[in-house]
$ cat entry11.cif   # mmCIF, C-alpha atoms
data_final
loop_
_atom_site.label_atom_id
_atom_site.label_comp_id
_atom_site.auth_asym_id
_atom_site.auth_seq_id
_atom_site.Cartn_x
_atom_site.Cartn_y
_atom_site.Cartn_z
CA MET A 1 68.91 -50.32 -53.36
CA VAL A 2 70.75 -50.48 -50.06
CA ALA A 3 71.09 -53.84 -48.46
CA ALA A 4 69.16 -54.15 -45.23
CA GLY A 5 70.88 -55.40 -42.12
CA PRO A 6 69.38 -57.84 -39.71
CA PHE A 7 67.68 -55.07 -37.71
CA SER A 8 66.92 -52.69 -40.57
CA SER A 9 64.01 -52.37 -43.00
CA LEU A 10 63.80 -50.61 -46.34
CA MET A 11 61.07 -47.96 -46.99
CA GLN A 12 60.18 -46.02 -50.11
CA GLY A 13 59.57 -42.31 -49.57
CA PHE A 14 59.00 -38.90 -51.27
CA SER A 15 61.46 -36.05 -51.46
CA LEU A 16 60.50 -32.59 -50.11
CA TRP A 17 57.86 -30.51 -51.97
CA SER A 18 59.29 -28.24 -54.63
CA PRO A 19 58.63 -24.44 -54.44
CA THR A 20 55.26 -23.14 -55.69
CA PRO A 21 55.58 -21.55 -59.17
CA LEU A 22 54.10 -18.10 -59.78
CA PRO A 23 50.76 -18.01 -61.65
CA SER A 24 50.99 -17.28 -65.34
CA SER A 25 47.41 -17.84 -66.49
CA SER A 26 43.88 -18.29 -65.21
CA VAL A 27 44.10 -22.10 -65.22
CA PRO A 28 44.84 -24.00 -61.99
CA ARG A 29 48.50 -23.98 -61.17
CA LEU A 30 50.73 -26.67 -59.73
CA LEU A 31 51.17 -25.91 -56.06
CA SER A 32 54.18 -28.20 -55.52
CA GLU A 33 55.54 -31.47 -56.69
CA ALA A 34 57.77 -34.23 -55.44
CA ALA A 35 60.93 -35.22 -57.22
CA GLY A 36 59.82 -38.81 -57.36
CA PRO A 37 60.11 -41.89 -55.19
CA MET A 38 63.41 -42.59 -53.51
CA ASP A 39 64.68 -45.28 -51.20
CA ILE A 40 65.22 -44.37 -47.57
CA GLN A 41 66.91 -46.71 -45.13
CA TRP A 42 65.02 -46.91 -41.86
CA ASN A 43 66.85 -48.58 -39.02
CA ALA A 44 63.80 -50.27 -37.57
CA PRO A 45 62.63 -53.86 -37.84
CA GLY A 46 59.73 -54.58 -40.11
CA PRO A 47 58.73 -55.25 -43.73
CA ILE A 48 59.34 -52.94 -46.68
CA ARG A 49 56.62 -50.23 -46.84
CA SER A 50 55.36 -48.28 -49.88
CA CYS A 51 54.70 -44.50 -50.00
CA ASN A 52 51.11 -43.32 -49.42
CA GLY A 53 50.07 -39.99 -51.03
CA THR A 54 50.28 -38.00 -54.28
CA GLU A 55 53.23 -36.59 -56.12
CA ASP A 56 51.39 -33.40 -57.24
CA GLN A 57 49.16 -30.83 -55.52
CA TRP A 58 46.98 -28.37 -57.49
CA VAL A 59 45.23 -25.18 -56.41
CA ALA A 60 43.24 -22.53 -58.30
CA CYS A 61 45.03 -19.25 -58.82
CA ARG A 62 43.89 -15.73 -59.78
CA ALA A 63 45.62 -13.87 -62.54
CA PRO A 64 44.84 -10.60 -64.38
CA SER A 65 42.07 -11.01 -66.95
CA CYS A 66 42.76 -10.85 -70.65
CA ASP A 67 41.11 -7.42 -70.92
CA GLY A 68 43.63 -5.91 -68.50
CA CYS A 69 41.31 -5.61 -65.48
CA GLU A 70 43.28 -5.77 -62.25
CA PRO A 71 41.13 -7.54 -59.59
CA LEU A 72 40.17 -5.33 -56.64
CA ASP A 73 38.31 -7.26 -53.94
CA CYS A 74 35.71 -5.79 -51.59
CA GLN A 75 36.84 -5.13 -48.01
CA PHE A 76 34.91 -4.67 -44.77
CA GLY A 77 35.94 -2.22 -42.10
CA ALA A 78 36.24 -3.11 -38.43
CA TRP A 79 33.15 -3.75 -36.33
CA ASN A 80 32.03 -0.78 -34.24
CA GLU A 81 31.18 -1.05 -30.55
CA TRP A 82 28.05 -2.84 -29.37
CA GLN A 83 25.12 -0.44 -29.12
CA SER A 84 21.94 -0.40 -26.99
CA LEU A 85 23.36 -2.44 -24.14
CA GLY A 86 20.86 -3.18 -21.38
CA THR A 87 17.73 -1.93 -23.13
CA CYS A 88 14.31 -3.48 -22.68
CA THR A 89 14.62 -5.53 -25.87
CA GLY A 90 17.53 -7.53 -24.48
CA LEU A 91 19.42 -7.19 -27.76
CA ALA A 92 22.59 -5.30 -28.59
CA THR A 93 23.66 -4.44 -32.13
CA ARG A 94 26.85 -3.57 -33.91
CA HIS A 95 27.64 -2.67 -37.53
CA ARG A 96 30.47 -2.51 -40.00
CA GLN A 97 30.81 -0.69 -43.30
CA VAL A 98 32.26 -1.52 -46.69
CA THR A 99 35.54 0.39 -46.82
CA MET A 100 36.60 -0.79 -50.27
CA PRO A 101 34.03 -1.82 -52.92
CA ASN A 102 35.10 -4.39 -55.50
CA ASN A 103 35.60 -3.56 -59.16
CA GLU A 104 34.11 -5.46 -62.11
CA CYS A 105 36.60 -8.33 -61.87
CA GLY A 106 37.08 -8.37 -58.08
CA ARG A 107 35.32 -10.45 -55.48
CA PRO A 108 32.31 -8.87 -53.69
CA CYS A 109 32.17 -8.75 -49.91
CA ASN A 110 30.87 -11.92 -48.31
CA GLY A 111 29.29 -11.50 -44.90
CA VAL A 112 26.80 -9.48 -42.87
CA GLN A 113 27.04 -5.80 -41.98
CA ALA A 114 25.01 -6.01 -38.77
CA GLN A 115 25.07 -8.40 -35.82
CA THR A 116 22.86 -8.79 -32.77
CA ALA A 117 23.62 -10.38 -29.44
CA GLN A 118 21.46 -11.11 -26.40
CA ARG A 119 22.29 -9.02 -23.36
CA LYS A 120 20.82 -8.96 -19.88
CA THR A 121 18.85 -5.81 -19.18
CA GLN A 122 20.31 -3.59 -16.50
CA ASN A 123 17.01 -2.25 -15.18
CA SER A 124 14.40 -4.94 -15.68
CA SER A 125 11.79 -3.21 -13.48
CA SER A 126 11.52 -0.25 -15.85
CA CYS A 127 11.11 -2.62 -18.82
CA LYS A 128 7.98 -4.27 -17.48
CA ILE A 129 4.92 -3.32 -19.51
CA LYS A 130 2.29 -1.64 -17.38
CA ASP A 131 -1.34 -2.68 -17.74
CA ASN A 132 -3.38 0.05 -19.44
CA ASP A 133 -6.96 -0.16 -20.64
CA CYS A 134 -7.94 1.05 -24.08
CA GLU A 135 -9.36 4.60 -24.19
CA TRP A 136 -11.74 6.20 -26.70
CA SER A 137 -11.52 9.79 -27.73
CA PRO A 138 -14.64 11.97 -27.16
CA TRP A 139 -17.41 11.77 -29.77
CA SER A 140 -17.34 14.37 -32.50
CA GLU A 141 -20.27 16.81 -32.80
CA TRP A 142 -23.36 15.81 -34.77
CA PRO A 143 -23.30 17.63 -38.11
CA SER A 144 -26.35 19.68 -38.97
CA CYS A 145 -28.99 18.07 -41.15
CA THR A 146 -29.60 19.57 -44.57
CA GLU A 147 -32.31 19.13 -47.15
CA HIS A 148 -30.30 16.54 -49.06
CA ARG A 149 -29.35 14.38 -46.06
CA SER A 150 -31.64 11.92 -44.31
CA GLN A 151 -29.02 10.83 -41.73
CA SER A 152 -26.34 12.45 -39.62
CA MET A 153 -23.13 10.71 -38.46
CA ARG A 154 -20.55 11.29 -35.73
CA SER A 155 -17.34 9.38 -35.01
CA ARG A 156 -14.61 8.76 -32.44
CA SER A 157 -11.16 7.13 -32.51
CA ILE A 158 -8.97 5.10 -30.16
CA ARG A 159 -6.84 7.54 -28.18
CA LYS A 160 -4.81 4.93 -26.29
CA GLN A 161 -4.33 1.26 -27.17
CA ALA A 162 -4.59 -1.42 -24.51
CA ARG A 163 -1.24 -2.67 -23.13
CA GLY A 164 -0.27 -5.68 -21.09
CA ASN A 165 -3.33 -7.23 -19.50
CA GLY A 166 -5.45 -4.11 -20.05
CA ARG A 167 -8.97 -4.29 -21.44
CA GLY A 168 -9.61 -3.54 -25.09
CA CYS A 169 -11.99 -0.86 -26.32
CA VAL A 170 -15.64 -1.91 -26.61
CA GLY A 171 -18.17 -0.18 -28.82
CA ASN A 172 -18.49 1.39 -32.25
CA SER A 173 -16.30 4.06 -33.77
CA LYS A 174 -19.24 5.58 -35.72
CA GLU A 175 -22.87 6.36 -34.95
CA THR A 176 -25.73 7.50 -37.18
CA LYS A 177 -29.12 8.99 -36.45
CA GLN A 178 -32.10 10.07 -38.51
CA CYS A 179 -32.35 13.74 -39.24
CA ALA A 180 -35.24 15.45 -37.50
CA TRP A 181 -35.98 18.12 -40.08
CA VAL A 182 -39.39 18.06 -41.84
CA ALA A 183 -39.32 18.60 -45.59
CA SER A 184 -41.82 21.02 -47.09
CA PRO A 185 -43.81 19.68 -50.06
CA ALA A 186 -42.66 21.04 -53.42
CA SER A 187 -44.95 20.85 -56.44
CA CYS A 188 -43.87 20.18 -59.99
CA GLN A 189 -43.00 23.26 -62.04
CA LEU A 190 -43.16 23.67 -65.83
CA THR A 191 -41.31 26.11 -68.04
CA LYS A 192 -43.13 28.60 -70.24
CA TRP A 193 -44.34 27.61 -73.69
CA GLY A 194 -41.84 27.99 -76.47
CA GLU A 195 -42.49 29.74 -79.83
CA TRP A 196 -44.51 28.04 -82.57
CA THR A 197 -42.46 26.16 -85.14
CA GLU A 198 -42.71 27.20 -88.80
CA CYS A 199 -45.55 25.69 -90.76
CA SER A 200 -44.38 22.93 -93.06
CA PRO A 201 -46.20 24.02 -96.33
CA SER A 202 -47.15 27.56 -97.26
CA CYS A 203 -50.62 26.59 -98.48
CA GLY A 204 -52.97 23.67 -98.63
CA GLY A 205 -52.73 22.93 -94.90
CA GLY A 206 -49.81 21.96 -92.67
CA TRP A 207 -48.80 21.48 -89.01
CA ARG A 208 -46.89 23.45 -86.41
CA ALA A 209 -46.01 22.79 -82.75
CA LYS A 210 -44.85 24.43 -79.56
CA MET A 211 -43.31 22.75 -76.46
CA ARG A 212 -42.44 23.23 -72.81
CA ARG A 213 -40.34 21.22 -70.30
CA ILE A 214 -40.46 20.18 -66.63
CA ARG A 215 -38.31 22.60 -64.64
CA SER A 216 -38.47 20.69 -61.34
CA HIS A 217 -40.24 17.49 -60.35
CA ALA A 218 -42.55 17.18 -57.37
CA LYS A 219 -40.89 16.36 -54.00
CA TYR A 220 -42.01 15.44 -50.50
CA GLY A 221 -45.66 14.90 -51.47
CA GLY A 222 -46.01 17.96 -53.69
CA GLU A 223 -48.47 18.18 -56.62
CA PRO A 224 -47.31 16.56 -59.87
CA CYS A 225 -47.23 18.49 -63.14
CA LYS A 226 -50.46 18.66 -65.11
CA GLY A 227 -51.02 19.46 -68.75
CA ASP A 228 -49.35 18.70 -72.04
CA LEU A 229 -45.70 19.26 -72.84
CA LYS A 230 -46.40 19.64 -76.60
CA ILE A 231 -49.26 21.19 -78.61
CA VAL A 232 -49.74 20.58 -82.36
CA GLU A 233 -52.18 22.49 -84.60
CA GLN A 234 -52.97 22.98 -88.30
CA CYS A 235 -51.58 25.91 -90.20
CA SER A 236 -51.53 27.37 -93.80
CA THR A 237 -55.03 26.13 -94.47
CA GLN A 238 -55.66 28.49 -97.45
CA PRO A 239 -55.89 26.75 -100.83
CA CYS A 240 -52.99 26.94 -103.18
CA VAL A 241 -53.60 29.12 -106.39
CA ALA A 242 -53.00 27.26 -109.71
CA ASP A 243 -50.56 28.74 -112.23
CA ALA A 244 -52.22 30.62 -115.16
CA ASP A 245 -50.91 32.13 -118.40
CA CYS A 246 -50.80 35.90 -118.81
CA GLN A 247 -53.72 37.31 -120.92
#
$ encode --input "entry11.cif" --output "structure tokens"
Amino acid sequence: MVAAGPFSSLMQGFSLWSPTPLPSSSVPRLLSEAAGPMDIQWNAPGPIRSCNGTEDQWVACRAPSCDGCEPLDCQFGAWNEWQSLGTCTGLATRHRQVTMPNNECGRPCNGVQAQTAQRKTQNSSSCKIKDNDCEWSPWSEWPSCTEHRSQSMRSRSIRKQARGNGRGCVGNSKETKQCAWVASPASCQLTKWGEWTECSPSCGGGWRAKMRRIRSHAKYGGEPCKGDLKIVEQCSTQPCVADADCQ
């Protein structure tokens, strides 16, 4: 300790920070350290004051990984010039590209690649939206009616959308109408009779049958089919001869 004079006070203080050591591992490294408290004579009146602060400072460091990967961080290129200045949108844009991608142990890029900024339009009169009413396209032609169609349909589409304070399109985009053709009545038609089936027994009486089908049903008020679709009759009605011994 140094004796204090009548107009001097004694103050404890730190020495200067020591140099930062190089990183040797992936753990946080000691940034700097003080040599310890020391007494400094301060030629100013007042009481003895104590040091305020820490003797050590720590910071995280990056070192090569144990598998030998050398960190390669991502890097952005410079921003390009602002584009679309003075357009009707009032926005200008600029971009930047990734010039160096990171490897598996490097840091990825952190940030945006596009920016927008508000700009005053240079020709505001040309940017004003003009009022336009909605417009329909012409109707398509009515398709011809056929036997299998009871209605016909035509359509149209919006050729120009309404803009600004213009009026929207009013009406339907499709129309239908009843076909005007008159159908001719068609009567039911049957196929010809098929062949007789074989008789079940050869004697003593049996049954056989023949059949036909409907070829087309009646339409538009035509006559329905009449008659049977199946006919059954007896066959092999002769008596069976009994077995007899040879004489």
$ resolve_selection --input "entry11.cif" --expression "the PyMOL selection byres ((chain A and resi 69-85) around 7)" --output "NGL selection string"
:A and (64-65 or 67-68 or 86-87 or 92-103 or 105-109 or 119)
$ residues_around --input "entry11.cif" --residues "Cys169 of chain A" --least-positions-apart "6" --cutoff "10 Å" --atoms "only C-alpha atoms" --output "PyMOL selection string"
chain A and resi 133-136+158+160-162
$ atom_distance --input "entry11.cif" --atom1 "atom CA of Thr116 of chain A" --atom2 "atom CA of Ile129 of chain A"
23.0 Å
$ residues_around --input "entry11.cif" --residues "Gln151 of chain A" --least-positions-apart "5" --cutoff "10 Å" --atoms "only C-alpha atoms" --output "MDAnalysis selection string"
chainID A and resid 143:146 176:180
$ residues_around --input "entry11.cif" --residues "Gln234 of chain A" --least-positions-apart "6" --cutoff "9 Å" --atoms "only C-alpha atoms" --output "PyMOL selection string"
chain A and resi 199+205-209
$ closest_residue --input "entry11.cif" --among "A:Asn132, A:Glu104, A:Gln113, A:Cys127" --to "Thr89 of chain A" --atoms "only C-alpha atoms"
A:Cys127
